[in-house]
Structures are given as structure tokens and as C-alpha cells.
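Since the structure comes first, as C-alpha cells, the remarks are kept for the end.
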Amino acid sequence: MGLMSAGLGMGAQAASAAEARSTPWALSTFLDAVDADQIEKVSFAADGKQVLSIDKDGNRHESLVLPGQSAELIKTLQTKNVVFAVQSAPEPNAGAGALGLIANLAFPFLIIGGLLLYQSRQNGGGGGLPGGANNPMNIGKSKSKIQMDPNTGVTFNDVAGCDASKQELTEIVEFLKNPAKYSALGAKIPRGAVMEGPPGTGKTLLARAVAGEAGVPFISASGSEFVEMFVGVGAARVRDLFTEAKKNAPCIVFIDEIDAVGRQRAGGGGGGGGGGGNDEREQTLNQILTQMDGFEGNSGVIVLAATNRADVLDSALLRPGRFDRRVPVDLPDTDGRLAILKVHCRGKPLDDDLDLNMVARRTTGFSGASLANLMNEAAIVAARNDKTVISYNEVDYAIDRLTVGMTKETGTSFPERQRLVAYHEAGHAIMGALTPDYDEVAKVTILPRTNGAGGFTLFAPSEERLSSGMYSKRYLKGQLAVALGGRVVEEIVYGKDEITTGASGDLQQVRNIARRMVAQWGFAQTTNNGVSPIGAIAWESPDGNGGAGPQGASLETEAQIDEQVKLLVAEAYEHCMNTLVENRQLVEELTDLLLEKETVDYKELKAMVAQYNPELATPLNPAMV
């Protein structure tokens with residue numbers, strides 16, 4: 001009995017069965033009824049997911065069928081000689097076409113409604129009833145929550161390394177706690193303060209400390225919270241934020257990463273503008289300007305902001321009356337790093353021989369976040385080595401990992417390669433040690449690192465030179481010679497035809513330094529009468545922009561700049577060659593020591609240099625010991 005023959009005459013029966021009242025059956029009940037020969041007829045739905053069965057008593061039953069089970073069920077029905085058929089799919093009619101057209105027209109509105117619902121869920125959370133937290137009309141509500149009694153767990157005692165910045169904010173807190181002290185002298189509370197500085201210097205941490213110290217309501221927000229795809233939403237959120245702040249005045253509002261909405265507007269007189277086409281960002285910024293110092297004023301609300309891109313902020317935002325104070329939060333000096341290290345060493349068992357002063361001197365250029373990460377890495381390494389205290393070895397390992405990457409084992413099994421790397425690094429180290437008034441050589445190693453370096457020579461610049469940012473012509477010439485040390489020693493030892501590409505990064509550094517010496521700092525070689533052929537002029541900006549053309553030097557001047565760069569490099573190359581040839585034995589001894597120990601520290605190198613050059617023998621630098 002086939003499918004086609006079984007389907008003859010079933011159309012009227014199926015229709016009547018659909019009209020009659022049916023009783024639902026579980027699939028197992030239906031299968032048991034088939035096995036017991038209690039089923040007379042079966043009608044399959046067109047999609048094969050449902051069956052309508054008629055038992056011998058004439059009762060009708062509906063059952064759901066598992067996907068892919070129809071074929072097996074048909075075989076069972078054929079075995080039991082049960083008549084079965086398949087219902088035809090309903091033909092489309094005019095009503096269905098109209099419904100499809102309505103659905104297509106409603107689709108864009110569903111998308112907009114879904115976006116509004118998503119925004120409302122982002123704002124509110126649960127609910128969904130009209131007027132509740134998920135009301136789409138709440139899209140303009142601020143996402144920030146006011147803390148009436150903020151408890152951040154951070155006070156000014158937990159902030160170190162930025163005493164000047166902390167003093168600026170301490171006065172604001174003091175003004176809130178004791179306003180009579182200042183008002184008696186006619187002083188007014190600052191409208192706002194913007195903290196600016198490199199990432200990781202503690203700007204957000206200072207804001208958390210202000211919240212913990214002030215004892216007044218505190219609202220924390222991020223600049224990105226105000227930027228949305230719908231024009232006007234950001235401005236509405238700013239209005240709502242300041243409305244809540246005014247209700248709870250005196251109040252502090254903290255906006256982190258304010259450069260997300262505070263960039264210079266089109267025609268604002270700067271190069272960091274938003275492009276002129278971002279109406280949403282500009283409306284949001286205009287609303288912030290109005291709320292901070294508009295016609296109505298904003299009494300009792302202090303705005304703190306943080307950014308590491310103060311150069312792109314709109315000038316109207318930074319003027320007095322809005323942000324009265326610009327608080328720089330710079331990288332810490334040696335004393336600041338020491339104070340930060342003491343904060344981050346709380347709760348960490350330190351070895352008695354670990355001198356935090358030495359760690360502070362070795363971490364020149366580290367931010368507060370970097371120092372926190374440093375001590376955490378040192379603690380992890382100590383735990384990995386099953387130690388109960390953190391010693392200098394773990395800190396030294398963590399410093400190398402953060403600055404030059406992790407140690408690799410690949411490539412250390414090739415003796416000739418290791419000797420080449422040892423010669424290369426010995427050239428840098430010897431030139432650095434023999435160059436007067438140059439940075440101290442802290443460490444030389446031939447262990448490869450994950451940053452691609454086959455080895456490295458670590459120089460420790462002085463705090464004075466690093467903080468001032470001023471470098472003499474003599475120092476820069478020495479830097480050129482030191483950078484060429486690796487390439488020159490390869491030529492001395494292996495010959496011109498056997499030098500390698502290992503100095504590619506050094507040559508890039510040489511080109512960058514020499515170019516800036518000539519085109520930016522006016523350090524070109526002078527003629528016999530003491531006059532520079534290109535003049536004491538900066539022919540390009542600090543970022544390297546300029547070059548030949550209307551905005552820079554002429555083609556003739558550009559050619560002279562290139563010639564001056566070549567002269568500087570040639571002079572440094574000749575000086576480096578003469579120095580290393582004269583100290584060839586010192587280079588060989590340091591190379592052998594590197595192959596034996598893989599790492600040579602400051603004291604060992606200092607002793608070797610003093611042995612071959614007694615006139616250079618000086619007391620050890622306490623910062624390097």
C-alpha cells in the first residue's frame with residue numbers, strides 16, 4: 001500500500017477531522033496505539049511535524065512528531081496496514097498577501113522599536129511596563145548613578161607619587177568641608193578641574209580618592225556614555241546628569257575620558273577636531289558647556305574630568321569658569337616611584353635585601369600602573385619559584401619582562417649565532433661605557449627576548465636628563481656612536497662582507513637621531529666661519545612633518561639636510577671604529593664573559609673597563625648597585 005494510493009479519498013476526511021474536536025496524544029501514546037492495532041487512519045501535516053490519527057472508535061488525536069521520524073513512522077504504518085495520507089500545504093490567498101505586505105512595511109518600525117528597547121534596557125535593567133525602567137522614553141536618561149555616601153575604599157593616603165596634583169584636589173575637598181575658611185577671603189569654589197597626563201599615572205585613582213574624602217554626593221560617568229547613534233541623546237543625558245547633581249548640591253561629577261565628547265569642534269582653531277559632521281558629539285559638548293557655565297549658572301556642582309589627550313580638547317571647555325584648574329598628572333620621579341612602590345608593597349612579604357630605592361632608580365619612566373604591575377609580576381614569579389618572600393631577583397626578572405619581553409630558549413643552541421650576538425652587544429656596551437657623560441650601562445645579556453631582540457644592552461638614563469628632556473649635542477653624538485657599536489664590531493671581527501642584518505633597528509635609530517639633530521634642533525655641522533649652511537632653523541615639526549614643499553624646506557635645503565645627516569653619521573661611525581679598534585681586547589674579554597655567563601651586570605662591566613682604562617675608574621653609582 002503506497003503513499004499515493006493511501007492518499008486517495010482522504011481530503012474530505014482530513015477536513016472533517018480538522019473541524020471536529022480532537023484530543024491531544026503524547027507521541028508515546030500514539031506509538032503504543034499503532035502497535036496495538038487501535039489506529040485506523042493517519043494524516044500527516046505538510047511539514048511532517050504533526051500527525052492527526054483516528055482510532056477504531058472514531059476519536060481523533062493530535063500528536064507532535066520528532067524531526068526526521070516521519071520516514072520510520074510510515075514504515076510502521078505500512079507494516080500495520082494503516083491508511084495514511086499527507087495534507088497539502090495551504091495555498092496563499094489575498095489575505096495572506098496583504099498580511100505579508102503589512103509585515104514588510106512594519107519591519108523598519110520593528111528595528112527602531114528594538115533599538116529603543118535595547119537602549120532602555122541598557123539604562124534601566126528589569127521591568128518593561130509603561131513608565132518603568134525599560135520605558136523607551138528613558139533613552140535620554142543618564143546611565144550614571146549618584147552615590148550619596150561614596151565608599152570607594154581609596155583615600156589620599158593611597159595615592160602617592162603626585163603630590164602637586166594631590167594638593168590641587170585636596171583644596172577642593174577642603175573647600176567642600178570648610179567653605180567658611182575660603183569665603184571669608186572672598187574665594188569661590190572652583191567650577192571644575194581637568195586632570196591630564198599619560199595613561200597609568202593615577203588620574204582615575206585621584207578621582208576615587210576625592211570621592212572617598214569629600215563626604216558629598218558623587219557621580220561618576222564616562223565620556224563614551226554620552227555618545228550614541230541618535231542625535232540629541234547625549235545632550236539629553238548631560239541635562240539629566242546635571243539636573244540630578246543640582247538636586248543634591250554640593251555634589252561632585254567625575255567624567256572620565258572626557259576627550260570622547262570634548263574634542264575641538266569644526267572651526268575651533270585646532271587640528272584635533274571632530275571633523276564637522278558629528279552633530280551628536282557637538283550637541284553633547286555644547287550641552288556640557290552650557291551646564292558648566294551657562295546663563296543659569298551651576299552653583300554647588302564641581303566637575304572633575306580626566307584625559308590623556310588634553311591637546312584635542314575644545315578651548316571653550318578648558319577656559320576658566322568651566323575648568324578653572326588644569327591639573328597635570330605626570331610620570332613620577334625617583335621619590336614618587338619610591339612612594340608608589342611602598343603603597344603597592346603593602347601586604348607583600350619582601351626580602352630583607354630588597355632595596356626599594358634601587359628599584360625606584362631602575363624604573364625610570366614607569367607610571368604608577370606600571371609599578372603596580374611590576375610588583376604583582378614579581379610576586380607571581382616568587383610564587384612560581386616556591387619562595388615565601390619577594391627578592392631582588394624576582395623584581396629584576398619582572399623589570400626585564402615588562403621592558404624587553406620574556407626570555408626565549410630558541411636560538412641559544414647555535415654557538416656561532418651566540419658569539420655573533422655577544423660581539424654585537426659588547427660593541428654597544430663598550431661604546432656606552434667609554435663615552436663621557438653618557439647613560440650608565442645597567443646590564444648586558446645575550447638571552448633572546450620575545451620582542452625579537454637576540455640580546456640587549458640596558459642603559460639607565462639619569463633622572464635629571466630624563467625629566468628635563470634636554471640633550472646636548474655632545475650627548476646626541478655619543479648616542480649615534482653607541483647605536484653604531486654593534487654594526488662596527490661585526491665589521492671589525494668578521495669583515496665587511498660578513499656583517500649581518502642584526503643592526504637594522506640600530507640603523508633606524510641612527511637615521512632618526514641624526515635627522516632630528518639637523519632638521520629640528522639646529523645641530524648641523526658649521527663651516528670654517530662658524531655658520532651653519534642651513535641656518536638655526538627647525539625645518540620640520542617634532543612629529544617629522546615638513547619635508548620639501550610649501551610647508552617645509554625647499555628642494556635645495558632638503559638636499560643640504562640630507563648631506564648634513566650623512567656627515568654626522570660618518571663622523572660617529574669613524575669615532576666608533578677608532579674606539580673599538582683601540583679597545584679590541586676589552587671587547588673580546590666581554591664577549592667571552594657573555595658567552596660564559598649570558599648576562600653581565602653593571603659592577604662587572606665597570607671593573608673590566610677600569611682594568612683597561614684606569615683613567616675612567618670612578619666610584620660605583622649607588623643607583624646602579
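By order in the C-alpha cells, chains are A, B, ...; within a chain, residues start at 1; ligands start at 1, following the order shown.
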
Tell me which protein, DNA and RNA residues are within 12 Å of A:Leu476, counting only C-alpha atoms, leaving out same-chain ones fewer than 2 positions away, and put them as a PyMOL selection string.
-> chain A and resi 435-439+470-474+478-483+509-510+512-518+521+523+568-569+572

File of the preceding selection, C-alpha atoms, as a short mmCIF file (atom, residue, chain, number, x, y, z; two decimals), in the first residue's frame:
```
data_model
loop_
_atom_site.label_atom_id
_atom_site.label_comp_id
_atom_site.auth_asym_id
_atom_site.auth_seq_id
_atom_site.Cartn_x
_atom_site.Cartn_y
_atom_site.Cartn_z
CA THR A 435 81.55 57.66 26.06
CA PRO A 436 81.92 60.51 28.58
CA ASP A 437 78.74 61.75 30.32
CA TYR A 438 76.65 59.04 28.70
CA ASP A 439 73.98 56.86 30.32
CA MET A 470 67.06 68.35 27.17
CA TYR A 471 70.01 66.69 25.45
CA SER A 472 73.29 68.29 24.45
CA LYS A 473 74.86 67.98 21.03
CA ARG A 474 77.72 66.06 22.62
CA GLY A 478 77.63 59.88 21.64
CA GLN A 479 74.23 58.26 21.18
CA LEU A 480 74.92 57.90 17.45
CA ALA A 481 78.27 56.22 18.16
CA VAL A 482 76.76 53.85 20.74
CA ALA A 483 73.96 52.85 18.37
CA GLN A 509 67.63 54.75 15.35
CA VAL A 510 70.76 56.39 13.90
CA ASN A 512 66.07 59.17 13.31
CA ILE A 513 68.51 60.84 15.72
CA ALA A 514 70.71 62.38 13.03
CA ARG A 515 67.72 63.66 11.06
CA ARG A 516 66.20 65.34 14.10
CA MET A 517 69.57 66.83 15.08
CA VAL A 518 69.74 68.62 11.74
CA TRP A 521 67.39 71.00 16.71
CA PHE A 523 72.81 70.78 15.17
CA LEU A 568 77.02 63.42 11.31
CA VAL A 569 76.67 59.66 10.80
CA ALA A 572 80.04 58.95 14.53
#
```

Counting only C-alpha atoms, what are the residues of stretch 157-189 of chain A within 12 Å of stretch 242-257 of chain A, and for each of them which pair of atoms is the nearest and at what distance in Å, to one decimal? Sort the table by chain and rising number, as a tab-separated table.
```
residue	atom	partner	partner_atom	distance
A:Leu169	CA	A:Ile252	CA	11.8
A:Ile172	CA	A:Ile252	CA	10.1
A:Val173	CA	A:Ile252	CA	9.8
A:Phe175	CA	A:Pro250	CA	10.8
A:Leu176	CA	A:Pro250	CA	7.6
A:Lys177	CA	A:Pro250	CA	10.3
A:Pro179	CA	A:Pro250	CA	11.1
A:Ile189	CA	A:Pro250	CA	10.6
```

Write down as number ranges by chain the residues of stretch 368-554 of chain A whose backbone DSSP state falls under alpha helix (DSSP H).
-> A: 368-384, 392-404, 415-434, 463-468, 473-483, 485-494, 504-519

What does the file look like for those residues with C-alpha atoms, as a tab-separated table (two decimals), in the first residue's frame?
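So part28.tsv came out as:
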```tsv
chain	number	residue	atom	x	y	z
A	368	GLY	CA	52.09	54.21	38.76
A	369	ALA	CA	50.15	51.49	36.94
A	370	SER	CA	53.41	50.05	35.58
A	371	LEU	CA	54.89	49.92	39.09
A	372	ALA	CA	51.79	48.16	40.41
A	373	ASN	CA	52.07	45.65	37.60
A	374	LEU	CA	55.80	45.26	38.29
A	375	MET	CA	55.32	44.26	41.92
A	376	ASN	CA	52.45	41.96	41.01
A	377	GLU	CA	54.63	40.21	38.39
A	378	ALA	CA	57.43	39.88	40.95
A	379	ALA	CA	55.01	38.28	43.42
A	380	ILE	CA	53.81	35.84	40.75
A	381	VAL	CA	57.40	34.87	39.89
A	382	ALA	CA	58.23	34.34	43.57
A	383	ALA	CA	55.19	32.08	43.98
A	384	ARG	CA	56.16	30.19	40.82
A	392	TYR	CA	65.53	41.48	44.03
A	393	ASN	CA	65.94	38.60	41.57
A	394	GLU	CA	62.17	38.42	41.07
A	395	VAL	CA	61.90	42.20	40.70
A	396	ASP	CA	64.78	42.25	38.21
A	397	TYR	CA	63.11	39.49	36.18
A	398	ALA	CA	59.83	41.42	36.21
A	399	ILE	CA	61.54	44.64	35.04
A	400	ASP	CA	63.14	42.83	32.09
A	401	ARG	CA	59.86	41.14	31.22
A	402	LEU	CA	57.96	44.43	31.17
A	403	THR	CA	60.61	46.38	29.25
A	404	VAL	CA	62.10	43.91	26.75
A	415	PRO	CA	77.33	28.63	19.20
A	416	GLU	CA	78.22	30.83	16.22
A	417	ARG	CA	74.99	32.77	16.49
A	418	GLN	CA	75.52	33.31	20.20
A	419	ARG	CA	79.08	34.54	19.60
A	420	LEU	CA	77.82	36.99	16.96
A	421	VAL	CA	75.17	38.30	19.38
A	422	ALA	CA	77.80	38.57	22.13
A	423	TYR	CA	80.10	40.63	19.89
A	424	HIS	CA	77.20	42.85	18.84
A	425	GLU	CA	76.07	43.61	22.40
A	426	ALA	CA	79.68	44.02	23.58
A	427	GLY	CA	80.11	46.73	20.93
A	428	HIS	CA	77.12	48.68	22.29
A	429	ALA	CA	78.18	48.23	25.90
A	430	ILE	CA	81.84	49.19	25.43
A	431	MET	CA	80.95	52.29	23.43
A	432	GLY	CA	78.45	53.30	26.09
A	433	ALA	CA	80.94	52.74	28.89
A	434	LEU	CA	83.71	54.67	27.12
A	463	GLU	CA	66.74	61.29	36.31
A	464	GLU	CA	67.79	64.86	35.53
A	465	ARG	CA	68.22	64.19	31.81
A	466	LEU	CA	65.00	62.21	31.52
A	467	SER	CA	62.81	64.67	33.44
A	468	SER	CA	64.19	67.76	31.71
A	473	LYS	CA	74.86	67.98	21.03
A	474	ARG	CA	77.72	66.06	22.62
A	475	TYR	CA	75.33	63.56	24.18
A	476	LEU	CA	73.48	63.02	20.89
A	477	LYS	CA	76.72	62.44	19.01
A	478	GLY	CA	77.63	59.88	21.64
A	479	GLN	CA	74.23	58.26	21.18
A	480	LEU	CA	74.92	57.90	17.45
A	481	ALA	CA	78.27	56.22	18.16
A	482	VAL	CA	76.76	53.85	20.74
A	483	ALA	CA	73.96	52.85	18.37
A	485	GLY	CA	78.68	49.95	18.11
A	486	GLY	CA	77.07	46.63	17.21
A	487	ARG	CA	77.45	47.13	13.44
A	488	VAL	CA	81.04	48.38	13.73
A	489	VAL	CA	82.24	45.50	15.90
A	490	GLU	CA	80.79	43.00	13.41
A	491	GLU	CA	82.84	44.68	10.69
A	492	ILE	CA	85.99	44.59	12.84
A	493	VAL	CA	85.68	40.93	13.77
A	494	TYR	CA	84.07	39.34	10.69
A	504	SER	CA	68.73	47.04	11.22
A	505	GLY	CA	66.96	48.50	14.24
A	506	ASP	CA	70.12	50.36	15.30
A	507	LEU	CA	70.45	51.94	11.86
A	508	GLN	CA	66.85	53.14	12.01
A	509	GLN	CA	67.63	54.75	15.35
A	510	VAL	CA	70.76	56.39	13.90
A	511	ARG	CA	68.79	57.84	11.00
A	512	ASN	CA	66.07	59.17	13.31
A	513	ILE	CA	68.51	60.84	15.72
A	514	ALA	CA	70.71	62.38	13.03
A	515	ARG	CA	67.72	63.66	11.06
A	516	ARG	CA	66.20	65.34	14.10
A	517	MET	CA	69.57	66.83	15.08
A	518	VAL	CA	69.74	68.62	11.74
A	519	ALA	CA	66.11	69.33	10.81
```

Could you give me, as JSON lines, every stretch 396-422 of chain A residue with an atom at most 6 Å from stretch 445-460 of chain A, plus its closest atom pair and distance in Å to one decimal, counting only C-alpha atoms, rows ordered by chain then number?
```
{"residue": "A:Gly405", "atom": "CA", "partner": "A:Thr450", "partner_atom": "CA", "distance": 5.1}
{"residue": "A:Met406", "atom": "CA", "partner": "A:Arg449", "partner_atom": "CA", "distance": 5.4}
{"residue": "A:Thr407", "atom": "CA", "partner": "A:Arg449", "partner_atom": "CA", "distance": 4.7}
{"residue": "A:Lys408", "atom": "CA", "partner": "A:Pro448", "partner_atom": "CA", "distance": 5.4}
{"residue": "A:Ala422", "atom": "CA", "partner": "A:Ile446", "partner_atom": "CA", "distance": 6.0}
```

N, CA and C atoms of the current selection, written as a compact mmCIF listing (two decimals), in the first residue's frame:
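Written file, out-v2.txt:
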```
# COMPACT_ATOMS: atom_id res chain seq x y z
N GLY A 405 60.54 42.10 27.23
CA GLY A 405 59.87 40.84 26.92
C GLY A 405 60.44 39.67 27.70
N MET A 406 59.80 38.52 27.50
CA MET A 406 60.22 37.30 28.20
C MET A 406 61.44 36.67 27.52
N THR A 407 62.15 35.86 28.27
CA THR A 407 63.31 35.16 27.73
C THR A 407 62.85 34.00 26.86
N LYS A 408 63.52 33.85 25.69
CA LYS A 408 63.24 32.73 24.80
C LYS A 408 64.43 31.77 24.83
N ALA A 422 76.94 38.08 21.06
CA ALA A 422 77.80 38.57 22.13
C ALA A 422 78.70 39.70 21.65
```

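Here atom CA of A:Gln611 is placed at a distance of 26.6 Å from atom CA of A:Arg361.
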
Could you please write out, as JSON, numbers by chain, every residue of stretch 317-461 of chain A that DSSP assigns to strand (DSSP E)?
-> {"A": [325, 326, 327, 328, 440, 441, 442, 443, 444, 445, 456, 457, 458, 459, 460]}

How would the residues just chosen look if you wrote them out with N, CA and C atoms as a tab-separated table (two decimals), in the first residue's frame?
```
chain	number	residue	atom	x	y	z
A	325	ARG	N	40.83	74.83	36.83
A	325	ARG	CA	42.16	74.28	37.10
A	325	ARG	C	42.48	73.16	36.13
A	326	ARG	N	43.69	73.22	35.60
A	326	ARG	CA	44.22	72.11	34.82
A	326	ARG	C	45.31	71.46	35.65
A	327	VAL	N	45.06	70.25	36.05
A	327	VAL	CA	45.93	69.55	36.99
A	327	VAL	C	46.78	68.55	36.22
A	328	PRO	N	48.07	68.82	36.00
A	328	PRO	CA	48.92	67.83	35.32
A	328	PRO	C	49.25	66.67	36.25
A	440	GLU	N	74.54	55.28	32.07
A	440	GLU	CA	75.21	54.12	32.64
A	440	GLU	C	74.68	52.83	31.99
A	441	VAL	N	75.60	51.88	31.80
A	441	VAL	CA	75.21	50.57	31.28
A	441	VAL	C	74.78	49.71	32.46
A	442	ALA	N	73.51	49.42	32.57
A	442	ALA	CA	72.99	48.68	33.72
A	442	ALA	C	73.16	47.17	33.56
A	443	LYS	N	73.05	46.68	32.33
A	443	LYS	CA	73.10	45.23	32.13
A	443	LYS	C	73.36	44.93	30.67
A	444	VAL	N	74.09	43.84	30.41
A	444	VAL	CA	74.30	43.34	29.05
A	444	VAL	C	73.95	41.86	29.07
A	445	THR	N	73.13	41.40	28.13
A	445	THR	CA	72.73	40.00	28.08
A	445	THR	C	72.62	39.55	26.64
A	456	PHE	N	70.29	42.26	24.48
A	456	PHE	CA	70.11	43.71	24.64
A	456	PHE	C	71.10	44.26	25.63
A	457	THR	N	71.39	45.54	25.47
A	457	THR	CA	72.20	46.29	26.41
A	457	THR	C	71.30	47.34	27.05
A	458	LEU	N	71.16	47.27	28.36
A	458	LEU	CA	70.25	48.15	29.07
A	458	LEU	C	70.99	49.37	29.60
A	459	PHE	N	70.57	50.54	29.15
A	459	PHE	CA	71.14	51.80	29.62
A	459	PHE	C	70.17	52.45	30.60
A	460	ALA	N	70.73	53.06	31.64
A	460	ALA	CA	69.91	53.73	32.66
A	460	ALA	C	70.17	55.23	32.59
```

Please indicate the distance in Å from atom CA of A:Ile302 to atom CA of A:Ala214, rounded to one decimal place.
->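 It comes out at 11.4 Å.
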
Per residue of stretch 310-410 of chain A within 10 Å of stretch 280-290 of chain A, note the shortest atom pair and the distance in Å to one decimal, counting only C-alpha atoms, and order the rows by chain and increasing residue number, as a tab-separated table.
```
residue	atom	partner	partner_atom	distance
A:Asp314	CA	A:Leu285	CA	8.9
A:Ala316	CA	A:Leu289	CA	7.5
A:Leu317	CA	A:Leu289	CA	6.3
A:Leu318	CA	A:Leu289	CA	9.7
A:Arg322	CA	A:Leu289	CA	7.4
```

Restricting it to C-alpha atoms, dump the selection as a compact mmCIF listing (two decimals), in the first residue's frame.
```txt
# COMPACT_ATOMS: atom_id res chain seq x y z
CA ASP A 314 37.96 72.27 22.84
CA ALA A 316 35.80 76.66 25.24
CA LEU A 317 35.76 73.65 27.54
CA LEU A 318 39.10 74.48 29.14
CA ARG A 322 34.31 75.87 33.38
```

For A:Ser28: contacts at 10 Å, only C-alpha atoms, fewer than 5 positions along chain excluded, given as a count of residues only = 4

Tell me which of A:Ala524, A:Ala553, A:Val343, A:Ala71 sits closest to A:Asn157, counting only C-alpha atoms.
->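 Result for the nearest residue to A:Asn157: A:Val343.
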
Point out the residue among A:Gln50, A:Thr579, A:Thr599, A:Thr388 with the least atom-to-atom distance to A:Asn613, counting only C-alpha atoms.
->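 Smallest separation from A:Asn613 among the options: A:Thr579.
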
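For the pair atom CA of A:Ile340 and atom CA of A:Arg191, the separation is 29.7 Å.
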
Determine the nearest neighbour of A:Asp163 from the options A:Leu484, A:Leu331, A:Leu594, A:Leu354, counting only C-alpha atoms.
->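 Of A:Leu484, A:Leu331, A:Leu594, A:Leu354, the one nearest A:Asp163, counting only C-alpha atoms, is A:Leu331.
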